[in-house]
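Content type mmCIF, C-alpha atoms and all ligand atoms, from the file my_file24.cif:
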data_structure
#
loop_
_atom_site.label_atom_id
_atom_site.label_comp_id
_atom_site.auth_asym_id
_atom_site.auth_seq_id
_atom_site.Cartn_x
_atom_site.Cartn_y
_atom_site.Cartn_z
CA MET A 1 -20.17 7.73 -23.04
CA LYS A 2 -22.92 8.34 -20.53
CA SER A 3 -24.32 11.83 -20.47
CA THR A 4 -23.68 14.00 -17.47
CA LYS A 5 -27.37 14.53 -17.01
CA LYS A 6 -28.14 10.83 -16.87
CA ILE A 7 -25.38 10.23 -14.35
CA GLU A 8 -26.81 12.95 -12.18
CA GLN A 9 -30.35 11.58 -12.50
CA ALA A 10 -29.19 8.10 -11.61
CA TYR A 11 -27.36 9.54 -8.61
CA ARG A 12 -30.45 11.41 -7.38
CA LEU A 13 -32.53 8.23 -7.54
CA ALA A 14 -29.83 6.21 -5.83
CA SER A 15 -29.48 8.86 -3.17
CA GLU A 16 -33.21 8.61 -2.37
CA ARG A 17 -33.02 4.85 -2.18
CA TYR A 18 -30.12 5.08 0.27
CA ALA A 19 -31.83 7.82 2.30
CA ALA A 20 -34.80 5.50 2.85
CA LEU A 21 -32.37 3.14 4.57
CA GLY A 22 -30.86 5.94 6.64
CA VAL A 23 -27.72 6.35 4.54
CA ASP A 24 -26.65 9.87 3.58
CA THR A 25 -24.81 9.60 0.26
CA GLU A 26 -23.46 13.15 0.43
CA ALA A 27 -21.95 12.48 3.84
CA ALA A 28 -20.47 9.24 2.53
CA LEU A 29 -18.84 11.01 -0.42
CA LYS A 30 -17.48 13.70 1.82
CA LYS A 31 -15.84 11.11 4.02
CA LEU A 32 -14.48 9.29 1.01
CA ALA A 33 -12.92 12.46 -0.34
CA GLY A 34 -10.89 12.71 2.87
CA VAL A 35 -9.22 9.33 2.37
CA SER A 36 -5.81 9.29 0.71
CA ILE A 37 -4.57 5.96 -0.57
CA SER A 38 -0.82 5.50 -0.50
CA ILE A 39 -0.11 4.22 -3.98
CA HIS A 40 3.09 2.25 -4.48
CA CYS A 41 5.67 3.43 -6.99
CA TRP A 42 6.81 -0.10 -7.75
CA GLN A 43 3.84 -1.10 -9.91
CA GLY A 44 5.22 1.24 -12.57
CA ASP A 45 8.56 -0.46 -13.19
CA ASP A 46 8.29 -4.00 -11.82
CA VAL A 47 10.00 -3.09 -8.51
CA GLY A 48 13.10 -2.19 -10.55
CA GLY A 49 14.18 1.08 -8.99
CA PHE A 50 16.87 3.28 -10.46
CA GLU A 51 20.05 2.42 -8.59
CA SER A 52 21.50 -0.19 -10.93
CA ALA A 53 20.13 -2.05 -13.90
CA ASP A 54 21.78 -5.41 -13.40
CA MET A 55 20.73 -6.36 -9.86
CA GLU A 56 18.31 -9.24 -9.52
CA LEU A 57 15.19 -8.45 -7.46
CA GLY A 58 15.52 -11.40 -5.03
CA GLY A 59 14.15 -11.47 -1.50
CA GLY A 60 11.35 -13.79 -2.57
CA LEU A 61 9.84 -11.04 -4.71
CA ALA A 62 8.91 -12.09 -8.22
CA VAL A 63 7.40 -10.03 -10.99
CA THR A 64 6.12 -11.92 -14.00
CA GLY A 65 5.35 -10.58 -17.45
CA ASN A 66 7.12 -8.35 -19.94
CA TYR A 67 4.38 -6.06 -21.17
CA PRO A 68 6.02 -3.28 -23.17
CA GLY A 69 6.33 0.30 -22.00
CA LYS A 70 7.75 0.04 -18.50
CA ALA A 71 9.11 3.25 -17.00
CA ARG A 72 12.90 3.29 -17.50
CA THR A 73 13.70 6.44 -15.59
CA ALA A 74 12.36 8.28 -12.59
CA ALA A 75 11.05 10.99 -14.90
CA GLU A 76 9.06 8.42 -16.86
CA LEU A 77 7.72 6.88 -13.68
CA ARG A 78 6.58 10.30 -12.49
CA ALA A 79 4.88 11.02 -15.81
CA ASP A 80 3.14 7.64 -15.69
CA PHE A 81 1.94 8.22 -12.18
CA GLU A 82 0.57 11.63 -13.09
CA LYS A 83 -1.50 9.84 -15.71
CA VAL A 84 -2.73 7.45 -13.01
CA LEU A 85 -3.67 10.29 -10.70
CA SER A 86 -5.69 11.94 -13.45
CA LEU A 87 -7.89 8.83 -13.54
CA LEU A 88 -8.58 8.52 -9.81
CA PRO A 89 -11.13 10.46 -7.83
CA GLY A 90 -9.71 12.01 -4.66
CA LYS A 91 -6.27 13.08 -3.51
CA HIS A 92 -3.74 10.32 -3.04
CA ARG A 93 -0.16 9.74 -1.94
CA PHE A 94 2.90 8.25 -3.58
CA ASN A 95 4.88 5.53 -1.86
CA VAL A 96 8.56 5.38 -2.81
CA HIS A 97 11.18 2.74 -2.06
CA ALA A 98 14.77 3.64 -1.19
CA SER A 99 15.89 1.87 -4.37
CA TYR A 100 14.24 4.68 -6.35
CA ALA A 101 17.07 7.00 -5.35
CA GLU A 102 18.32 9.22 -8.15
CA MET A 103 22.09 9.26 -8.01
CA SER A 104 22.66 12.05 -10.56
CA GLY A 105 26.26 11.10 -11.29
CA LYS A 106 27.42 10.43 -7.73
CA ARG A 107 26.67 6.89 -6.59
CA VAL A 108 26.15 6.38 -2.89
CA ASP A 109 25.43 3.07 -1.27
CA ARG A 110 22.30 2.39 0.77
CA ASP A 111 23.98 3.10 4.07
CA GLU A 112 24.79 6.61 2.85
CA ILE A 113 21.73 7.75 0.97
CA SER A 114 20.11 10.96 2.08
CA VAL A 115 17.36 13.32 1.08
CA GLU A 116 19.68 14.49 -1.74
CA GLN A 117 18.76 11.48 -3.86
CA PHE A 118 15.07 12.13 -3.35
CA ARG A 119 14.91 15.86 -4.06
CA ASN A 120 13.28 15.34 -7.45
CA TRP A 121 10.63 13.13 -5.91
CA ILE A 122 9.90 15.66 -3.21
CA ASP A 123 9.79 18.64 -5.56
CA TRP A 124 7.47 16.76 -7.84
CA ALA A 125 5.15 15.70 -5.00
CA LYS A 126 5.11 19.27 -3.76
CA LYS A 127 4.17 20.51 -7.20
CA LEU A 128 1.30 18.02 -7.30
CA GLY A 129 0.33 18.77 -3.71
CA ILE A 130 0.46 15.11 -2.73
CA GLY A 131 1.95 13.35 0.28
CA MET A 132 4.69 10.75 0.07
CA ASP A 133 5.54 7.60 1.98
CA PHE A 134 8.84 5.79 2.10
CA ASN A 135 10.39 2.33 2.50
CA GLN A 136 13.77 0.91 3.37
CA THR A 137 14.92 -1.41 0.56
CA TYR A 138 16.29 -4.67 1.90
CA PHE A 139 16.44 -6.51 -1.41
CA ALA A 140 18.14 -6.23 -4.82
CA HIS A 141 21.52 -5.52 -3.25
CA PRO A 142 24.75 -7.56 -2.94
CA LYS A 143 24.69 -7.22 0.86
CA VAL A 144 21.49 -9.25 1.08
CA ASP A 145 23.93 -12.05 1.78
CA GLY A 146 22.43 -15.54 1.64
CA GLY A 147 19.04 -13.87 1.99
CA PHE A 148 19.90 -12.20 5.30
CA THR A 149 19.97 -8.54 6.23
CA LEU A 150 19.11 -7.39 9.76
CA THR A 151 19.32 -10.96 11.09
CA HIS A 152 22.65 -11.74 9.45
CA PRO A 153 25.11 -13.47 11.81
CA ASP A 154 27.90 -11.14 10.67
CA LYS A 155 27.80 -7.89 12.59
CA SER A 156 29.27 -5.80 9.77
CA ILE A 157 26.42 -6.80 7.44
CA ARG A 158 23.86 -6.04 10.13
CA THR A 159 25.49 -2.68 10.75
CA PHE A 160 25.30 -1.78 7.06
CA TRP A 161 21.58 -2.51 7.05
CA ILE A 162 21.01 -0.74 10.36
CA GLU A 163 22.60 2.35 8.86
CA HIS A 164 20.30 2.00 5.86
CA GLY A 165 17.33 1.78 8.20
CA ILE A 166 18.31 4.99 9.97
CA ARG A 167 19.06 6.86 6.72
CA CYS A 168 15.60 6.01 5.45
CA ARG A 169 13.93 7.29 8.60
CA GLU A 170 15.85 10.53 8.15
CA ILE A 171 14.73 10.72 4.54
CA GLY A 172 11.16 10.01 5.65
CA ALA A 173 11.36 12.91 8.08
CA ALA A 174 12.76 15.22 5.40
CA ILE A 175 9.92 14.20 3.10
CA GLY A 176 7.31 14.80 5.80
CA LYS A 177 8.79 18.16 6.65
CA ALA A 178 9.08 19.34 3.06
CA LEU A 179 5.56 18.27 2.12
CA GLY A 180 3.86 19.19 5.37
CA LYS A 181 2.32 15.70 5.49
CA THR A 182 3.58 12.99 7.84
CA CYS A 183 5.53 10.34 5.97
CA LEU A 184 5.20 6.66 6.84
CA THR A 185 8.47 4.77 6.54
CA ASN A 186 7.81 1.07 6.28
CA LEU A 187 10.36 -1.61 7.03
CA TRP A 188 10.19 -5.07 5.54
CA ILE A 189 13.06 -7.55 5.32
CA PRO A 190 13.21 -10.72 3.24
CA ASP A 191 15.18 -12.76 5.79
CA GLY A 192 14.09 -16.37 6.07
CA MET A 193 14.94 -20.03 5.59
CA LYS A 194 13.93 -22.41 2.85
CA ASP A 195 14.17 -25.43 5.12
CA THR A 196 13.62 -26.14 8.79
CA PRO A 197 16.07 -24.07 10.82
CA ALA A 198 17.97 -25.45 13.77
CA ASP A 199 18.01 -22.04 15.41
CA ARG A 200 14.85 -19.96 15.37
CA ARG A 201 15.88 -17.93 18.37
CA GLY A 202 19.19 -16.41 17.22
CA PRO A 203 17.91 -14.56 14.14
CA ARG A 204 14.94 -13.18 16.07
CA GLU A 205 17.06 -11.89 18.90
CA ARG A 206 19.42 -10.29 16.41
CA LEU A 207 16.45 -8.73 14.67
CA VAL A 208 15.24 -7.13 17.90
CA GLU A 209 18.71 -5.72 18.45
CA SER A 210 18.98 -4.39 14.88
CA LEU A 211 15.53 -2.82 14.98
CA ASP A 212 16.21 -1.18 18.31
CA ALA A 213 19.33 0.37 16.80
CA ILE A 214 17.37 1.61 13.79
CA PHE A 215 14.59 3.15 15.87
CA LYS A 216 16.87 4.62 18.50
CA PRO A 217 17.40 8.05 16.90
CA LYS A 218 14.44 10.19 17.90
CA ILE A 219 12.56 11.55 14.94
CA ASP A 220 9.66 13.95 15.23
CA ARG A 221 6.49 11.94 14.64
CA LYS A 222 4.99 14.97 13.03
CA TYR A 223 7.30 14.33 10.09
CA ASN A 224 7.88 10.60 10.07
CA VAL A 225 6.21 7.57 11.60
CA ASP A 226 7.74 4.11 11.45
CA SER A 227 6.13 0.81 10.69
CA VAL A 228 7.25 -2.83 10.51
CA GLU A 229 5.76 -5.37 8.10
CA PRO A 230 5.43 -9.05 9.05
CA LYS A 231 5.32 -11.97 6.66
CA LEU A 232 4.81 -15.64 7.41
CA PHE A 233 6.70 -17.13 4.48
CA GLY A 234 7.93 -16.42 0.99
CA ILE A 235 9.55 -18.04 -2.01
CA GLY A 236 12.81 -19.45 -0.68
CA ALA A 237 11.67 -18.74 2.87
CA GLU A 238 9.00 -21.40 3.14
CA SER A 239 9.98 -22.76 6.54
CA TYR A 240 10.95 -19.83 8.68
CA THR A 241 10.66 -16.05 8.69
CA PRO A 242 12.16 -14.32 11.73
CA GLY A 243 9.98 -11.26 11.10
CA SER A 244 6.72 -13.14 11.53
CA HIS A 245 3.37 -11.75 12.64
CA GLU A 246 3.80 -12.45 16.36
CA PHE A 247 7.33 -11.12 16.22
CA TYR A 248 6.41 -7.75 14.76
CA LEU A 249 3.13 -7.43 16.64
CA GLY A 250 5.08 -7.76 19.87
CA TYR A 251 7.74 -5.43 18.57
CA ALA A 252 5.34 -2.73 17.40
CA VAL A 253 3.25 -2.82 20.58
CA SER A 254 6.25 -2.78 22.91
CA ARG A 255 8.03 0.00 21.01
CA GLY A 256 4.99 2.09 20.11
CA ILE A 257 5.50 2.03 16.36
CA LEU A 258 3.10 1.03 13.60
CA LEU A 259 2.46 -2.41 12.15
CA THR A 260 1.86 -2.95 8.44
CA LEU A 261 -0.57 -5.72 7.55
CA ASP A 262 -0.03 -7.00 4.01
CA ALA A 263 -3.01 -8.91 2.65
CA GLY A 264 -0.71 -11.35 0.84
CA HIS A 265 1.47 -12.29 3.78
CA TYR A 266 -0.73 -14.74 5.64
CA HIS A 267 -1.99 -18.28 5.18
CA PRO A 268 -4.41 -18.55 2.27
CA THR A 269 -7.58 -18.66 4.39
CA GLU A 270 -6.33 -16.08 6.89
CA THR A 271 -7.42 -12.53 6.08
CA ILE A 272 -6.13 -9.28 7.46
CA ALA A 273 -9.63 -7.79 7.82
CA ASP A 274 -10.19 -9.44 11.19
CA LYS A 275 -6.80 -8.31 12.47
CA ILE A 276 -7.58 -4.60 12.13
CA SER A 277 -9.80 -4.16 15.18
CA ALA A 278 -7.60 -6.53 17.20
CA VAL A 279 -4.38 -4.64 16.53
CA LEU A 280 -6.03 -1.25 16.97
CA CYS A 281 -6.86 -2.15 20.57
CA PHE A 282 -3.14 -1.82 21.22
CA LEU A 283 -1.72 0.52 18.60
CA PRO A 284 -2.79 4.07 17.83
CA GLU A 285 -2.38 3.58 14.09
CA LEU A 286 -2.01 0.80 11.59
CA ALA A 287 -0.71 0.61 8.02
CA LEU A 288 -2.00 -1.68 5.31
CA HIS A 289 -0.52 -3.14 2.17
CA VAL A 290 -3.63 -4.06 0.29
CA SER A 291 -2.70 -6.76 -2.17
CA ARG A 292 -4.17 -9.91 -3.68
CA GLY A 293 -2.43 -13.19 -3.25
CA VAL A 294 -3.38 -15.94 -5.63
CA ARG A 295 -2.27 -19.22 -4.06
CA TRP A 296 0.74 -17.47 -2.56
CA ASP A 297 1.96 -13.90 -1.96
CA SER A 298 1.74 -13.32 -5.69
CA ASP A 299 0.87 -9.62 -5.52
CA HIS A 300 -1.86 -9.68 -8.16
CA VAL A 301 -3.71 -6.47 -9.03
CA VAL A 302 -6.28 -5.68 -6.35
CA THR A 303 -9.76 -6.63 -7.54
CA LEU A 304 -13.10 -6.01 -5.88
CA THR A 305 -13.12 -9.27 -3.94
CA ASP A 306 -14.98 -10.16 -0.78
CA GLU A 307 -11.66 -9.85 1.00
CA LEU A 308 -11.09 -6.32 -0.22
CA GLN A 309 -14.61 -5.40 0.81
CA ALA A 310 -14.09 -6.95 4.22
CA ILE A 311 -10.95 -4.85 4.72
CA ALA A 312 -12.78 -1.67 3.74
CA GLN A 313 -15.76 -2.58 5.92
CA GLU A 314 -13.61 -3.12 8.97
CA ILE A 315 -11.93 0.25 8.50
CA VAL A 316 -15.15 2.14 7.87
CA TRP A 317 -17.57 0.33 10.16
CA GLY A 318 -15.03 0.26 12.97
CA GLY A 319 -14.63 4.03 12.72
CA TYR A 320 -10.93 3.65 11.94
CA LEU A 321 -10.58 5.83 8.85
CA GLY A 322 -8.35 8.23 10.75
CA ARG A 323 -6.17 5.45 12.21
CA VAL A 324 -5.44 3.24 9.23
CA ARG A 325 -2.94 4.29 6.58
CA ILE A 326 -4.20 2.44 3.55
CA GLY A 327 -1.48 1.53 1.09
CA LEU A 328 -1.39 -0.75 -1.93
CA ASP A 329 1.22 -3.37 -2.75
CA TYR A 330 1.12 -5.39 -5.95
CA PHE A 331 2.99 -5.60 -9.21
CA ASP A 332 1.84 -7.06 -12.48
CA ALA A 333 4.03 -6.78 -15.55
CA SER A 334 1.79 -8.87 -17.78
CA ILE A 335 -0.70 -6.09 -18.51
CA ASN A 336 -0.46 -2.36 -19.10
CA ARG A 337 1.17 -1.15 -15.88
CA ILE A 338 -0.78 2.09 -15.74
CA ALA A 339 -4.03 0.17 -16.09
CA ALA A 340 -2.88 -2.16 -13.30
CA TRP A 341 -2.28 0.85 -11.08
CA VAL A 342 -5.64 2.39 -11.95
CA ILE A 343 -7.67 -0.80 -11.55
CA GLY A 344 -6.27 -1.60 -8.11
CA SER A 345 -6.54 1.97 -6.86
CA ARG A 346 -10.06 2.50 -8.14
CA ASN A 347 -11.07 -0.77 -6.53
CA MET A 348 -9.69 0.29 -3.18
CA ILE A 349 -11.61 3.56 -3.33
CA ARG A 350 -14.72 1.77 -4.55
CA ALA A 351 -14.57 -0.77 -1.71
CA LEU A 352 -14.41 2.09 0.79
CA LEU A 353 -17.40 3.74 -0.83
CA MET A 354 -19.39 0.51 -0.67
CA ALA A 355 -18.63 0.23 3.02
CA LEU A 356 -19.61 3.87 3.55
CA LEU A 357 -22.93 3.27 1.80
CA THR A 358 -23.94 0.33 3.95
CA PRO A 359 -26.84 0.96 6.37
CA ILE A 360 -24.50 -0.17 9.10
CA ASP A 361 -26.27 1.60 11.95
CA SER A 362 -29.44 -0.43 11.35
CA ILE A 363 -27.41 -3.59 10.97
CA LYS A 364 -25.50 -2.94 14.18
CA ALA A 365 -28.78 -2.21 15.98
CA ALA A 366 -30.19 -5.53 14.78
CA GLU A 367 -27.10 -7.27 16.05
CA ALA A 368 -27.37 -5.55 19.43
CA ARG A 369 -30.90 -6.88 19.92
CA ARG A 370 -29.73 -10.31 18.73
CA ASP A 371 -31.89 -10.10 15.67
CA TYR A 372 -29.39 -11.95 13.55
CA THR A 373 -32.06 -12.65 10.94
CA THR A 374 -32.35 -8.94 10.19
CA ARG A 375 -28.58 -8.56 10.24
CA LEU A 376 -28.13 -11.22 7.58
CA ALA A 377 -31.09 -10.00 5.52
CA LEU A 378 -29.79 -6.41 5.46
CA PHE A 379 -26.24 -7.46 4.69
CA GLU A 380 -27.50 -9.37 1.68
CA GLU A 381 -29.96 -6.75 0.44
CA THR A 382 -27.23 -4.12 0.66
CA LYS A 383 -25.37 -5.97 -2.05
CA SER A 384 -27.86 -4.93 -4.70
CA LEU A 385 -28.28 -1.29 -3.70
CA PRO A 386 -27.44 1.17 -6.51
CA PHE A 387 -23.87 1.72 -5.46
CA GLY A 388 -22.63 2.15 -9.05
CA ALA A 389 -24.69 5.30 -9.55
CA VAL A 390 -23.03 6.93 -6.55
CA TRP A 391 -19.58 5.88 -7.73
CA ASP A 392 -20.18 7.29 -11.22
CA TRP A 393 -21.35 10.56 -9.71
CA TYR A 394 -18.29 10.74 -7.49
CA CYS A 395 -16.01 10.27 -10.51
CA LEU A 396 -17.91 12.86 -12.51
CA LYS A 397 -17.80 15.39 -9.69
CA ASN A 398 -14.07 14.81 -9.36
CA ASP A 399 -13.51 15.35 -13.06
CA VAL A 400 -12.17 11.89 -13.70
CA PRO A 401 -13.48 9.37 -16.25
CA VAL A 402 -16.74 7.65 -15.41
CA GLY A 403 -16.95 3.87 -15.67
CA GLU A 404 -14.65 2.22 -18.19
CA ALA A 405 -13.93 5.53 -19.92
CA TRP A 406 -10.53 5.69 -18.21
CA LEU A 407 -9.38 2.75 -20.31
CA ALA A 408 -9.51 4.72 -23.55
CA GLU A 409 -7.24 7.29 -21.93
CA VAL A 410 -4.76 4.64 -20.90
CA LYS A 411 -4.81 3.13 -24.40
CA GLN A 412 -4.15 6.56 -25.85
CA TYR A 413 -1.26 7.09 -23.45
CA GLU A 414 0.08 3.71 -24.43
CA LYS A 415 -0.03 4.72 -28.07
CA ASP A 416 1.47 8.17 -27.54
CA VAL A 417 4.02 7.46 -24.82
CA LEU A 418 4.52 3.86 -23.69
CA SER A 419 4.84 2.29 -27.13
CA LYS A 420 7.74 4.62 -27.88
CA ARG A 421 9.81 3.17 -25.06
CA SER A 422 12.03 0.26 -26.00
C1 LIG B 501 7.17 -8.11 0.35
C2 LIG B 501 6.47 -7.00 1.04
C3 LIG B 501 6.95 -5.64 0.70
C4 LIG B 501 7.25 -5.44 -0.76
C5 LIG B 501 7.51 -4.00 -1.15
C6 LIG B 501 8.12 -3.88 -2.50
O1 LIG B 501 6.57 -9.32 0.53
O2 LIG B 501 5.11 -7.08 0.79
O3 LIG B 501 6.06 -4.71 1.18
O4 LIG B 501 6.21 -5.92 -1.57
O5 LIG B 501 8.25 -3.40 -0.18
ZN ZN B 502 3.89 -5.46 1.42
#

Would it be possible to restate this file's structure as structure tokens?
Ligand code: RNT
Ligand code: ZN
Amino acid sequence: MKSTKKIEQAYRLASERYAALGVDTEAALKKLAGVSISIHCWQGDDVGGFESADMELGGGLAVTGNYPGKARTAAELRADFEKVLSLLPGKHRFNVHASYAEMSGKRVDRDEISVEQFRNWIDWAKKLGIGMDFNQTYFAHPKVDGGFTLTHPDKSIRTFWIEHGIRCREIGAAIGKALGKTCLTNLWIPDGMKDTPADRRGPRERLVESLDAIFKPKIDRKYNVDSVEPKLFGIGAESYTPGSHEFYLGYAVSRGILLTLDAGHYHPTETIADKISAVLCFLPELALHVSRGVRWDSDHVVTLTDELQAIAQEIVWGGYLGRVRIGLDYFDASINRIAAWVIGSRNMIRALLMALLTPIDSIKAAEARRDYTTRLALFEETKSLPFGAVWDWYCLKNDVPVGEAWLAEVKQYEKDVLSKRS
């Protein structure tokens, strides 16, 4: 355990080093404190949800691993997430899927859910003083017929899912209103084809129609904002996805709603970092699902990769912190789930801090005078600046464990709580 005094000393030295390069560490930390990451509920229970125990996940989503201790109830998931929050510097949000409805005796189907099934979530978030985000759930349900939801050829199936879409927007608005923090309701559907389709046009035109019906009811944007999430392919949808990038980009821009860029949804060498400034030329706000695909959309725990740093850099250096709703999306059941949550979340925050501590004004000035030599030299030298000392200080100041000390807390929680779950 590092002593408080040493952490402070290291911070002071680091701060001087940064100041010499024109970077104000205090200002950086202040900015960082204002960023709330929307942390996904589904890391805590392998995207299980609490509607029914026997429904297969489907929709091309696959969680591997059977590490013991998964949350079996909403109450357990809430307790686990409180543990996570206690290990993260800053104030963050919780992102809930519709399948996390709590039925309390009276089962209602997805086309009939309402804020009633989410009261416990809202009360809990209110108690913690955190914001919440929401998602329609278009998977793990018998009406995901043949893998189709909003593009299904049968009108009655489409109608069911349209109703679900509207219900969720209403729930999103109720959440936003109750918590006094705008809720983002994100729509993703699994629809796609394993093999080459004969008709690419039909499903897309049906999807436009379905989406228009979902977004027709006017909802105060103070309470809820809507977003659509593209994907190029998935397991079992290798050849065609109606809700592709171009499809939803066009849809979001023409309808004035948000777009959600998921880092795992594109071709392996295609990153979402470069898309941020392009999309923000045409949309007021953007949502992200920061994830880590390994060979495919595998949703591995977010690590501090070049890609993660590039995403954070684009947000920070582009001046987009107020226009990008940063969310996480991954699920790993092969390691302690709380640790998975903490590692990915801390990495996201860390990547933002690294971007905030870059002497970007000098680098941009070099670029403007076409001094690309200086640009490259400064980019590379920045990589060995004493970032870690600033991060440790930030954790200390926020009363959360410094360095790897959080792990001991997770291990203790595993011993006291998780290991007692069967
Ligand atoms: C699936 C999408 C989607 C889901 C969550 C559970 O490929 O990324 O966002 O991961 O809604
Ligand atoms: Zn996603």

Please find the residues contacting ligand LIG 501 (chain B) at a distance of at most 10 Å between atoms, with all atoms listed in the file counted, and report them as a compact mmCIF listing (two decimals) with C-alpha atoms, in the coordinates of the input.
# COMPACT_ATOMS: atom_id res chain seq x y z
CA HIS A 40 3.09 2.25 -4.48
CA CYS A 41 5.67 3.43 -6.99
CA TRP A 42 6.81 -0.10 -7.75
CA GLN A 43 3.84 -1.10 -9.91
CA ASP A 46 8.29 -4.00 -11.82
CA VAL A 47 10.00 -3.09 -8.51
CA GLY A 48 13.10 -2.19 -10.55
CA LEU A 57 15.19 -8.45 -7.46
CA GLY A 59 14.15 -11.47 -1.50
CA GLY A 60 11.35 -13.79 -2.57
CA LEU A 61 9.84 -11.04 -4.71
CA ALA A 62 8.91 -12.09 -8.22
CA ASN A 95 4.88 5.53 -1.86
CA VAL A 96 8.56 5.38 -2.81
CA HIS A 97 11.18 2.74 -2.06
CA ALA A 98 14.77 3.64 -1.19
CA SER A 99 15.89 1.87 -4.37
CA PHE A 134 8.84 5.79 2.10
CA ASN A 135 10.39 2.33 2.50
CA GLN A 136 13.77 0.91 3.37
CA THR A 137 14.92 -1.41 0.56
CA TYR A 138 16.29 -4.67 1.90
CA PHE A 139 16.44 -6.51 -1.41
CA ASN A 186 7.81 1.07 6.28
CA LEU A 187 10.36 -1.61 7.03
CA TRP A 188 10.19 -5.07 5.54
CA ILE A 189 13.06 -7.55 5.32
CA PRO A 190 13.21 -10.72 3.24
CA VAL A 228 7.25 -2.83 10.51
CA GLU A 229 5.76 -5.37 8.10
CA PRO A 230 5.43 -9.05 9.05
CA LYS A 231 5.32 -11.97 6.66
CA LEU A 232 4.81 -15.64 7.41
CA PHE A 233 6.70 -17.13 4.48
CA GLY A 234 7.93 -16.42 0.99
CA ILE A 235 9.55 -18.04 -2.01
CA THR A 260 1.86 -2.95 8.44
CA LEU A 261 -0.57 -5.72 7.55
CA ASP A 262 -0.03 -7.00 4.01
CA ALA A 263 -3.01 -8.91 2.65
CA GLY A 264 -0.71 -11.35 0.84
CA HIS A 265 1.47 -12.29 3.78
CA LEU A 288 -2.00 -1.68 5.31
CA HIS A 289 -0.52 -3.14 2.17
CA VAL A 290 -3.63 -4.06 0.29
CA SER A 291 -2.70 -6.76 -2.17
CA ASP A 297 1.96 -13.90 -1.96
CA SER A 298 1.74 -13.32 -5.69
CA ASP A 299 0.87 -9.62 -5.52
CA GLY A 327 -1.48 1.53 1.09
CA LEU A 328 -1.39 -0.75 -1.93
CA ASP A 329 1.22 -3.37 -2.75
CA TYR A 330 1.12 -5.39 -5.95
CA PHE A 331 2.99 -5.60 -9.21

* To do: Considering only C-alpha atoms, return as number ranges by chain whatever protein or nucleic-acid residues lie within 9 Å of Gly129 in chain A, sequence-local ones (same chain, fewer than 3 positions apart) excluded.
  => A: 91, 124-126, 179

* Of the listed residues A:Lys30, A:Arg107, A:Trp391, A:Arg78, that which approaches Asp123 in chain A most closely, counting only C-alpha atoms ->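 Counting only C-alpha atoms, the residue closest to Asp123 in chain A is A:Arg78.
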
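Here CA of Leu77 in chain A stands at a distance of 6.3 Å from CA of Gly44 in chain A.
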
* Counting only C-alpha atoms and all ligand atoms, which of A:Leu259, A:Leu378, A:Val410, A:Ile338 gets nearest to ligand ZN 502 (chain B)? -> A:Leu259

* To do: Could you check how far CA of Leu407 in chain A sits from CA of Trp393 in chain A, in Å to one decimal?
  =>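 Here the two named atoms are 17.8 Å from each other.
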
* Structure fact -> If you count all atoms listed in the file, the residue of A:Cys395, A:Ala408, A:Ile39, A:Leu150 closest to ligand ZN 502 (chain B) turns out to be A:Ile39

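Between Ala71 in chain A and the candidates A:Leu283, A:Ala333, A:Val402, A:Ala28, the tightest atom-to-atom separation, counting all atoms listed in the file, involves A:Ala333.
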
* Asked: CA of Gly147 in chain A and CA of Pro197 in chain A are how many Å apart?
  ->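 Value for the CA of Gly147 in chain A-CA of Pro197 in chain A distance: 13.8 Å.
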
* To do: Determine the nearest neighbour of Ile122 in chain A from the options A:Arg72, A:Lys181, A:His245, A:Lys155, counting all atoms listed in the file.
  =>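 Using all atoms listed in the file, Ile122 in chain A sits closest to A:Lys181.
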
* Which is closer to Thr159 in chain A than all the others in A:Ser239, A:Ala20, A:Asp111, A:Glu8, using all atoms listed in the file? ->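 Closest candidate: A:Asp111.
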
* Can you pull out every residue within 9 Å of Leu207 in chain A, counting only C-alpha atoms, but drop anything in the same chain fewer than 4 positions away, and send it as a list of chain:residue names? =>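 Skipping anything fewer than 4 positions along the chain leaves A:Leu150, A:Thr151, A:His152, A:Gly202, A:Pro203, A:Leu211, A:Asp212, A:Pro242, A:Gly243.
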
Give me a file of those residues, with C-alpha atoms, as a short mmCIF file (atom, residue, chain, number, x, y, z; two decimals), keeping the file's coordinate frame.
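Listing of again_9.cif after writing:
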data_model
loop_
_atom_site.label_atom_id
_atom_site.label_comp_id
_atom_site.auth_asym_id
_atom_site.auth_seq_id
_atom_site.Cartn_x
_atom_site.Cartn_y
_atom_site.Cartn_z
CA LEU A 150 19.11 -7.39 9.76
CA THR A 151 19.32 -10.96 11.09
CA HIS A 152 22.65 -11.74 9.45
CA GLY A 202 19.19 -16.41 17.22
CA PRO A 203 17.91 -14.56 14.14
CA LEU A 211 15.53 -2.82 14.98
CA ASP A 212 16.21 -1.18 18.31
CA PRO A 242 12.16 -14.32 11.73
CA GLY A 243 9.98 -11.26 11.10
#

Residues at most 9 Å from Ser362 in chain A, counting only C-alpha atoms, excluding those fewer than 5 positions away in the same chain, as a compact mmCIF listing (two decimals) with C-alpha atoms, in the frame of the given file?
# COMPACT_ATOMS: atom_id res chain seq x y z
CA LEU A 21 -32.37 3.14 4.57
CA GLY A 22 -30.86 5.94 6.64
CA GLU A 367 -27.10 -7.27 16.05
CA ARG A 375 -28.58 -8.56 10.24
CA LEU A 378 -29.79 -6.41 5.46

* **Spatial neighbours of Asp392 in chain A, 8 Å, only C-alpha atoms, chain gap at least 3 places, as a VMD selection string** => chain A and resid 7 11 388 to 389 395 to 396 402 to 403
